[in-house]
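Engineer: File name target-v3.cif; file contents mmCIF, C-alpha atoms; full text below.
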```
data_upload
#
loop_
_atom_site.group_PDB
_atom_site.id
_atom_site.type_symbol
_atom_site.label_atom_id
_atom_site.label_comp_id
_atom_site.auth_asym_id
_atom_site.auth_seq_id
_atom_site.Cartn_x
_atom_site.Cartn_y
_atom_site.Cartn_z
ATOM 1 C CA MET A 1 16.703 11.115 -15.168
ATOM 2 C CA VAL A 2 13.412 9.754 -16.315
ATOM 3 C CA LYS A 3 14.502 6.724 -18.230
ATOM 4 C CA SER A 4 12.579 5.015 -20.939
ATOM 5 C CA MET A 5 10.203 2.827 -19.004
ATOM 6 C CA SER A 6 8.601 -0.255 -20.410
ATOM 7 C CA TYR A 7 5.340 0.010 -22.264
ATOM 8 C CA SER A 8 3.652 -2.183 -19.649
ATOM 9 C CA THR A 9 4.801 0.043 -16.776
ATOM 10 C CA ILE A 10 3.520 3.169 -18.471
ATOM 11 C CA SER A 11 0.334 1.378 -19.495
ATOM 12 C CA PHE A 12 -0.434 0.200 -15.946
ATOM 13 C CA VAL A 13 0.114 3.700 -14.590
ATOM 14 C CA LEU A 14 -1.879 5.494 -17.267
ATOM 15 C CA ASP A 15 -4.753 2.998 -17.223
ATOM 16 C CA SER A 16 -5.058 3.144 -13.445
ATOM 17 C CA TRP A 17 -4.789 6.934 -13.466
ATOM 18 C CA GLU A 18 -7.605 7.084 -16.005
ATOM 19 C CA GLN A 19 -9.741 5.084 -13.560
ATOM 20 C CA VAL A 20 -8.852 7.557 -10.809
ATOM 21 C CA ARG A 21 -9.847 10.440 -13.083
ATOM 22 C CA HIS A 22 -13.352 8.976 -13.279
ATOM 23 C CA THR A 23 -13.794 9.447 -9.535
ATOM 24 C CA LYS A 24 -16.154 12.311 -8.785
ATOM 25 C CA ASP A 25 -14.092 15.386 -7.814
ATOM 26 C CA PHE A 26 -10.949 13.284 -8.242
ATOM 27 C CA GLU A 27 -8.555 16.194 -7.774
ATOM 28 C CA LYS A 28 -10.087 17.081 -4.422
ATOM 29 C CA VAL A 29 -10.502 13.448 -3.296
ATOM 30 C CA VAL A 30 -7.024 12.276 -4.261
ATOM 31 C CA GLY A 31 -5.326 15.517 -3.245
ATOM 32 C CA THR A 32 -6.936 15.398 0.188
ATOM 33 C CA ILE A 33 -5.705 11.845 0.771
ATOM 34 C CA LEU A 34 -2.219 12.817 -0.411
ATOM 35 C CA PHE A 35 -1.916 15.833 1.848
ATOM 36 C CA GLN A 36 -3.456 14.159 4.871
ATOM 37 C CA HIS A 37 -0.909 11.358 4.558
ATOM 38 C CA LEU A 38 1.964 13.791 4.040
ATOM 39 C CA PHE A 39 0.925 15.932 7.006
ATOM 40 C CA LYS A 40 0.438 12.930 9.300
ATOM 41 C CA LYS A 41 3.836 11.450 8.445
ATOM 42 C CA SER A 42 5.703 14.764 8.257
ATOM 43 C CA PRO A 43 4.098 17.437 10.456
ATOM 44 C CA PRO A 44 6.790 20.013 9.490
ATOM 45 C CA ALA A 45 5.421 19.837 5.934
ATOM 46 C CA LYS A 46 2.293 21.633 7.171
ATOM 47 C CA ALA A 47 4.316 24.809 7.652
ATOM 48 C CA LEU A 48 5.563 24.652 4.044
ATOM 49 C CA PHE A 49 1.958 25.077 2.945
ATOM 50 C CA GLY A 50 1.087 27.780 5.465
ATOM 51 C CA PHE A 51 -0.596 25.644 8.113
ATOM 52 C CA PRO A 52 0.224 25.442 11.805
ATOM 53 C CA ILE A 53 2.247 22.322 12.629
ATOM 54 C CA ASP A 54 -0.228 21.388 15.356
ATOM 55 C CA ILE A 55 -3.361 21.499 13.159
ATOM 56 C CA ASP A 56 -5.250 18.190 13.193
ATOM 57 C CA THR A 57 -5.020 16.540 9.764
ATOM 58 C CA ASP A 58 -8.625 15.326 10.123
ATOM 59 C CA SER A 59 -10.056 18.680 11.233
ATOM 60 C CA GLN A 60 -12.730 20.392 9.210
ATOM 61 C CA GLU A 61 -10.729 23.588 9.620
ATOM 62 C CA LEU A 62 -7.984 22.049 7.492
ATOM 63 C CA LEU A 63 -10.057 19.925 5.135
ATOM 64 C CA THR A 64 -12.378 22.770 4.147
ATOM 65 C CA SER A 65 -9.661 25.411 3.972
ATOM 66 C CA LYS A 66 -9.459 27.076 0.558
ATOM 67 C CA ARG A 67 -5.659 26.976 0.799
ATOM 68 C CA PHE A 68 -5.652 23.243 1.563
ATOM 69 C CA LEU A 69 -8.054 22.430 -1.269
ATOM 70 C CA MET A 70 -6.117 24.630 -3.695
ATOM 71 C CA HIS A 71 -2.849 22.844 -2.887
ATOM 72 C CA ALA A 72 -4.563 19.429 -3.010
ATOM 73 C CA CYS A 73 -6.041 20.062 -6.442
ATOM 74 C CA TYR A 74 -2.880 21.672 -7.767
ATOM 75 C CA LEU A 75 -0.733 18.699 -6.764
ATOM 76 C CA VAL A 76 -3.074 16.290 -8.528
ATOM 77 C CA GLN A 77 -3.041 18.512 -11.614
ATOM 78 C CA MET A 78 0.779 18.409 -11.568
ATOM 79 C CA VAL A 79 0.707 14.606 -11.351
ATOM 80 C CA ASP A 80 -1.803 14.525 -14.198
ATOM 81 C CA THR A 81 0.418 16.720 -16.363
ATOM 82 C CA ALA A 82 3.543 14.679 -15.612
ATOM 83 C CA LEU A 83 1.775 11.429 -16.425
ATOM 84 C CA SER A 84 0.555 12.830 -19.734
ATOM 85 C CA MET A 85 4.211 13.285 -20.719
ATOM 86 C CA LEU A 86 5.332 9.732 -19.984
ATOM 87 C CA GLY A 87 6.730 7.962 -22.998
ATOM 88 C CA PRO A 88 7.331 10.211 -25.982
ATOM 89 C CA ASP A 89 8.141 13.364 -23.972
ATOM 90 C CA ASP A 90 10.675 11.822 -21.559
ATOM 91 C CA SER A 91 13.405 14.387 -22.170
ATOM 92 C CA LEU A 92 11.054 17.344 -21.739
ATOM 93 C CA LEU A 93 9.558 15.695 -18.662
ATOM 94 C CA THR A 94 13.050 15.281 -17.197
ATOM 95 C CA GLU A 95 13.774 18.985 -17.720
ATOM 96 C CA ILE A 96 10.489 19.948 -16.093
ATOM 97 C CA MET A 97 11.059 17.662 -13.101
ATOM 98 C CA LEU A 98 14.617 18.993 -12.592
ATOM 99 C CA ASP A 99 13.253 22.550 -12.615
ATOM 100 C CA LEU A 100 10.422 21.583 -10.296
ATOM 101 C CA GLY A 101 12.957 20.099 -7.890
ATOM 102 C CA SER A 102 14.915 23.354 -7.883
ATOM 103 C CA LYS A 103 11.731 25.281 -7.081
ATOM 104 C CA HIS A 104 10.799 22.860 -4.312
ATOM 105 C CA LYS A 105 14.195 23.376 -2.684
ATOM 106 C CA ARG A 106 13.434 27.104 -2.522
ATOM 107 C CA TYR A 107 10.076 26.283 -0.903
ATOM 108 C CA GLY A 108 11.886 24.369 1.851
ATOM 109 C CA VAL A 109 11.056 20.822 0.735
ATOM 110 C CA LYS A 110 13.568 18.231 1.951
ATOM 111 C CA PRO A 111 14.594 15.186 -0.123
ATOM 112 C CA GLU A 112 13.346 12.813 2.590
ATOM 113 C CA MET A 113 9.815 14.145 2.074
ATOM 114 C CA PHE A 114 9.642 12.432 -1.314
ATOM 115 C CA ALA A 115 9.485 8.959 0.226
ATOM 116 C CA ILE A 116 6.516 10.099 2.307
ATOM 117 C CA MET A 117 4.832 11.562 -0.770
ATOM 118 C CA GLY A 118 5.420 8.254 -2.559
ATOM 119 C CA GLU A 119 3.623 6.467 0.282
ATOM 120 C CA ALA A 120 0.862 9.062 0.053
ATOM 121 C CA ILE A 121 0.380 8.447 -3.658
ATOM 122 C CA ILE A 122 0.178 4.695 -3.094
ATOM 123 C CA SER A 123 -2.324 5.257 -0.272
ATOM 124 C CA ALA A 124 -4.474 7.525 -2.437
ATOM 125 C CA LEU A 125 -4.438 5.001 -5.273
ATOM 126 C CA GLN A 126 -5.343 2.129 -2.938
ATOM 127 C CA ASN A 127 -8.227 4.130 -1.501
ATOM 128 C CA THR A 128 -9.485 5.203 -4.908
ATOM 129 C CA LEU A 129 -8.945 2.073 -7.008
ATOM 130 C CA LYS A 130 -9.744 -0.469 -4.276
ATOM 131 C CA ASP A 131 -9.602 -4.007 -5.808
ATOM 132 C CA ASP A 132 -8.213 -2.640 -9.079
ATOM 133 C CA PHE A 133 -5.043 -1.622 -7.252
ATOM 134 C CA THR A 134 -3.107 -4.808 -7.963
ATOM 135 C CA ASP A 135 0.502 -5.679 -7.209
ATOM 136 C CA LEU A 136 1.395 -4.981 -10.848
ATOM 137 C CA VAL A 137 -0.214 -1.543 -10.701
ATOM 138 C CA GLU A 138 1.588 -0.784 -7.451
ATOM 139 C CA GLN A 139 4.970 -1.835 -8.869
ATOM 140 C CA ALA A 140 4.411 0.312 -11.955
ATOM 141 C CA TRP A 141 3.531 3.347 -9.830
ATOM 142 C CA LEU A 142 6.535 2.798 -7.587
ATOM 143 C CA GLU A 143 8.833 2.708 -10.628
ATOM 144 C CA VAL A 144 7.340 5.857 -12.152
ATOM 145 C CA PHE A 145 7.405 7.721 -8.843
ATOM 146 C CA LYS A 146 11.011 6.687 -8.250
ATOM 147 C CA GLU A 147 12.030 8.117 -11.619
ATOM 148 C CA LEU A 148 10.043 11.354 -11.320
ATOM 149 C CA SER A 149 11.036 12.046 -7.721
ATOM 150 C CA GLY A 150 14.636 11.121 -8.534
ATOM 151 C CA ASP A 151 14.705 13.880 -11.126
ATOM 152 C CA MET A 152 13.232 16.342 -8.648
ATOM 153 C CA ILE A 153 15.775 15.388 -5.986
ATOM 154 C CA GLN A 154 18.555 15.796 -8.553
ATOM 155 C CA GLY A 155 17.136 19.234 -9.405
ATOM 156 C CA MET A 156 17.193 20.130 -5.711
ATOM 157 C CA ALA A 157 20.841 19.053 -5.459
ATOM 158 C CA GLN A 158 21.792 21.142 -8.481
ATOM 159 C CA ALA A 159 19.977 24.253 -7.226
ATOM 160 C CA ASN A 160 22.003 27.041 -5.689
#
```
Would you mind writing the structure in this file as structure tokens?
Structural biologist:
Amino acid sequence: MVKSMSYSTISFVLDSWEQVRHTKDFEKVVGTILFQHLFKKSPPAKALFGFPIDIDTDSQELLTSKRFLMHACYLVQMVDTALSMLGPDDSLLTEIMLDLGSKHKRYGVKPEMFAIMGEAIISALQNTLKDDFTDLVEQAWLEVFKELSGDMIQGMAQAN
């Protein structure tokens, strides 16, 4: 379950995310990096989103696809919503993440895909924040992702 994280952890994550939000077309930019990383590291994930497994992750066909861009933006919006609930809404956030995990199981997501998505988030943050992506920021993001993905994985395990 999402535990009460330290103020500094939440602060590092929220402050860095606010910087990301100032990137032009941040949902598209960050979402594209996330999905490219996921698809490169886990080609079977392409099929979960309706793409052929053999599609090139750098192809214009993929990167300009309305479906790809919709999923990219939607994922970033989900991250944005989850981050807005850190701190005072921990219990509600836990419930939402458990439910989201259950839904993801029905979509065919496997627990091992979460580690790849964690790498993808770190990659997107490094690419977006550049020198502002410090070790402290990275550690804070890793802690938050571990908690959020842990709830989702638990929700997958509890799903019928």
Engineer: Report as a PyMOL selection string the residues that result from applying the PyMOL selection byres ((chain A and resi 27) around 8) to the structure here.
Structural biologist: chain A and resi 21+25-26+28-31+72-74+76-77
Engineer: Excluding same-chain residues fewer than 2 positions from segment 99-114 of chain A, what lies within 7 Å of it counting all atoms listed in the file, as a ChimeraX atom specification?
Structural biologist: /A:48,95-97,116-118,149,152-153,155-156,159
Engineer: Keeping only C-alpha atoms, write the selected residues as a PDB file, in the frame of the given file.
Structural biologist:
```pdb
ATOM      1  CA  LEU A  48       5.563  24.652   4.044  1.00  0.00           C
ATOM      2  CA  GLU A  95      13.774  18.985 -17.720  1.00  0.00           C
ATOM      3  CA  ILE A  96      10.489  19.948 -16.093  1.00  0.00           C
ATOM      4  CA  MET A  97      11.059  17.662 -13.101  1.00  0.00           C
ATOM      5  CA  ILE A 116       6.516  10.099   2.307  1.00  0.00           C
ATOM      6  CA  MET A 117       4.832  11.562  -0.770  1.00  0.00           C
ATOM      7  CA  GLY A 118       5.420   8.254  -2.559  1.00  0.00           C
ATOM      8  CA  SER A 149      11.036  12.046  -7.721  1.00  0.00           C
ATOM      9  CA  MET A 152      13.232  16.342  -8.648  1.00  0.00           C
ATOM     10  CA  ILE A 153      15.775  15.388  -5.986  1.00  0.00           C
ATOM     11  CA  GLY A 155      17.136  19.234  -9.405  1.00  0.00           C
ATOM     12  CA  MET A 156      17.193  20.130  -5.711  1.00  0.00           C
ATOM     13  CA  ALA A 159      19.977  24.253  -7.226  1.00  0.00           C
TER      14      ALA A 159
END
```
Engineer: List the spatial neighbours of Ala120 of chain A as an NGL selection string - criterion: any atom at most 6 Å away, all atoms listed in the file, same-chain residues fewer than 3 positions off excluded.
Structural biologist: :A and (34 or 37 or 117 or 123)
Engineer: Can I get the selected residues back with C-alpha atoms, as a short mmCIF file (atom, residue, chain, number, x, y, z; two decimals), in the coordinates of the input?
Structural biologist:
```
data_model
loop_
_atom_site.label_atom_id
_atom_site.label_comp_id
_atom_site.auth_asym_id
_atom_site.auth_seq_id
_atom_site.Cartn_x
_atom_site.Cartn_y
_atom_site.Cartn_z
CA LEU A 34 -2.22 12.82 -0.41
CA HIS A 37 -0.91 11.36 4.56
CA MET A 117 4.83 11.56 -0.77
CA SER A 123 -2.32 5.26 -0.27
#
```
Engineer: Evaluated on this file, the PyMOL selection byres ((chain A and resi 90) around 12) picks out some residues - which ones are they, written as a list in words?
Structural biologist: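 That selection, the PyMOL selection byres ((chain A and resi 90) around 12), comes back as Met1, Val2, Lys3, Ser4, Met5, Ile10, Ala82, Leu83, Ser84, Met85, Leu86, Gly87, Pro88, Asp89, Ser91, Leu92, Leu93, Thr94, Glu95, Ile96, Met97, Val144, Glu147, Leu148 and Asp151 of chain A.
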Engineer: So, with all atoms listed in the file as the atoms that count, which of A:Ser6, A:Thr32, A:Leu125, A:Lys146 lies closest to Thr64 of chain A?
Structural biologist: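 The shortest atom-to-atom distance to Thr64 of chain A comes from A:Thr32.
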Engineer: Report as a ChimeraX atom specification the full result of the PyMOL selection byres ((chain A and resi 11-15) around 8) when it is applied to this structure.
Structural biologist: /A:7-10,16-19,83,136-137,140-141,144
Engineer: Using all atoms listed in the file, give me every residue within 6 Å of (-2.0, 14.2, 12.7) in file coordinates, as a compact mmCIF listing (two decimals) with C-alpha atoms, in the frame of the given file.
Structural biologist:
```txt
# COMPACT_ATOMS: atom_id res chain seq x y z
CA LYS A 40 0.44 12.93 9.30
CA ASP A 56 -5.25 18.19 13.19
CA THR A 57 -5.02 16.54 9.76
```
Engineer: Just to confirm, what's the straight-line distance from atom CA of Lys41 of chain A to atom CA of Thr81 of chain A in Å (one decimal)?
Structural biologist: 25.6 Å
Engineer: Suppose you want the space between atom CA of Val20 of chain A and atom CA of Pro44 of chain A; what is it in Å?
Structural biologist: 28.5 Å
Engineer: Here is a test: counting all atoms listed in the file, which residue of A:Thr134, A:Gln139, A:Gln36, A:Thr128 is nearest to Ile55 of chain A?
Structural biologist: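 Answer, going by the shortest atom-to-atom distance: A:Gln36.
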Engineer: Can you work out which one of A:Leu98, A:Ala115, A:Leu69, A:Met78 has the shortest atom-to-atom distance to Ile33 of chain A, counting all atoms listed in the file?
Structural biologist: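 Checking each of A:Leu98, A:Ala115, A:Leu69, A:Met78 against Ile33 of chain A, counting all atoms listed in the file, the winner is A:Leu69.
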Engineer: Atom CA of Glu61 of chain A to atom CA of Ala124 of chain A: how many Å, to one decimal?
Structural biologist: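 Between these atoms lies a distance of 21.0 Å.
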Engineer: Nearest to Phe49 of chain A among A:His22, A:Phe68, A:Gln158, A:Leu62, with distances taken over only C-alpha atoms: which residue is it?
Structural biologist: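 That would be A:Phe68, the residue with the smallest distance to Phe49 of chain A.
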Engineer: Emit segment 81-100 of chain A of the structure in the block as a file comprising N, CA and C atoms, as a PDB file, in the first residue's frame.
Structural biologist:
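And here's result_21.pdb as it stands now:
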```pdb
ATOM      1  N   THR A  81      -2.399  12.688 -12.316  1.00  0.00           N
ATOM      2  CA  THR A  81      -3.481  12.547 -11.336  1.00  0.00           C
ATOM      3  C   THR A  81      -2.991  11.836 -10.077  1.00  0.00           C
ATOM      4  N   ALA A  82      -2.242  10.759 -10.242  1.00  0.00           N
ATOM      5  CA  ALA A  82      -1.724  10.028  -9.087  1.00  0.00           C
ATOM      6  C   ALA A  82      -0.821  10.914  -8.242  1.00  0.00           C
ATOM      7  N   LEU A  83       0.042  11.668  -8.900  1.00  0.00           N
ATOM      8  CA  LEU A  83       0.960  12.535  -8.155  1.00  0.00           C
ATOM      9  C   LEU A  83       0.208  13.619  -7.395  1.00  0.00           C
ATOM     10  N   SER A  84      -0.891  14.084  -7.951  1.00  0.00           N
ATOM     11  CA  SER A  84      -1.661  15.130  -7.270  1.00  0.00           C
ATOM     12  C   SER A  84      -2.297  14.613  -5.982  1.00  0.00           C
ATOM     13  N   MET A  85      -2.353  13.295  -5.823  1.00  0.00           N
ATOM     14  CA  MET A  85      -2.965  12.699  -4.637  1.00  0.00           C
ATOM     15  C   MET A  85      -1.942  12.266  -3.591  1.00  0.00           C
ATOM     16  N   LEU A  86      -0.669  12.442  -3.881  1.00  0.00           N
ATOM     17  CA  LEU A  86       0.353  12.078  -2.900  1.00  0.00           C
ATOM     18  C   LEU A  86       0.201  12.926  -1.653  1.00  0.00           C
ATOM     19  N   GLY A  87       0.394  12.303  -0.524  1.00  0.00           N
ATOM     20  CA  GLY A  87       0.328  13.041   0.739  1.00  0.00           C
ATOM     21  C   GLY A  87      -1.015  12.866   1.406  1.00  0.00           C
ATOM     22  N   PRO A  88      -1.870  13.894   1.339  1.00  0.00           N
ATOM     23  CA  PRO A  88      -3.107  13.838   2.113  1.00  0.00           C
ATOM     24  C   PRO A  88      -4.124  12.808   1.632  1.00  0.00           C
ATOM     25  N   ASP A  89      -4.049  12.368   0.389  1.00  0.00           N
ATOM     26  CA  ASP A  89      -5.031  11.426  -0.149  1.00  0.00           C
ATOM     27  C   ASP A  89      -4.456  10.023  -0.320  1.00  0.00           C
ATOM     28  N   ASP A  90      -3.524   9.630   0.535  1.00  0.00           N
ATOM     29  CA  ASP A  90      -2.864   8.325   0.410  1.00  0.00           C
ATOM     30  C   ASP A  90      -3.837   7.155   0.382  1.00  0.00           C
ATOM     31  N   SER A  91      -4.825   7.156   1.261  1.00  0.00           N
ATOM     32  CA  SER A  91      -5.730   6.005   1.312  1.00  0.00           C
ATOM     33  C   SER A  91      -6.588   5.923   0.056  1.00  0.00           C
ATOM     34  N   LEU A  92      -7.070   7.045  -0.433  1.00  0.00           N
ATOM     35  CA  LEU A  92      -7.832   7.052  -1.678  1.00  0.00           C
ATOM     36  C   LEU A  92      -6.939   6.648  -2.849  1.00  0.00           C
ATOM     37  N   LEU A  93      -5.718   7.148  -2.857  1.00  0.00           N
ATOM     38  CA  LEU A  93      -4.770   6.797  -3.910  1.00  0.00           C
ATOM     39  C   LEU A  93      -4.501   5.290  -3.904  1.00  0.00           C
ATOM     40  N   THR A  94      -4.356   4.705  -2.738  1.00  0.00           N
ATOM     41  CA  THR A  94      -4.151   3.259  -2.641  1.00  0.00           C
ATOM     42  C   THR A  94      -5.325   2.510  -3.259  1.00  0.00           C
ATOM     43  N   GLU A  95      -6.539   2.907  -2.918  1.00  0.00           N
ATOM     44  CA  GLU A  95      -7.728   2.262  -3.491  1.00  0.00           C
ATOM     45  C   GLU A  95      -7.736   2.364  -5.009  1.00  0.00           C
ATOM     46  N   ILE A  96      -7.417   3.532  -5.516  1.00  0.00           N
ATOM     47  CA  ILE A  96      -7.412   3.754  -6.962  1.00  0.00           C
ATOM     48  C   ILE A  96      -6.355   2.888  -7.633  1.00  0.00           C
ATOM     49  N   MET A  97      -5.172   2.813  -7.035  1.00  0.00           N
ATOM     50  CA  MET A  97      -4.084   2.028  -7.629  1.00  0.00           C
ATOM     51  C   MET A  97      -4.405   0.527  -7.591  1.00  0.00           C
ATOM     52  N   LEU A  98      -5.033   0.054  -6.517  1.00  0.00           N
ATOM     53  CA  LEU A  98      -5.446  -1.353  -6.447  1.00  0.00           C
ATOM     54  C   LEU A  98      -6.449  -1.659  -7.565  1.00  0.00           C
ATOM     55  N   ASP A  99      -7.413  -0.769  -7.754  1.00  0.00           N
ATOM     56  CA  ASP A  99      -8.408  -0.947  -8.810  1.00  0.00           C
ATOM     57  C   ASP A  99      -7.758  -0.888 -10.189  1.00  0.00           C
ATOM     58  N   LEU A 100      -6.841   0.029 -10.345  1.00  0.00           N
ATOM     59  CA  LEU A 100      -6.133   0.161 -11.625  1.00  0.00           C
ATOM     60  C   LEU A 100      -5.332  -1.108 -11.924  1.00  0.00           C
TER      61      LEU A 100
END
```
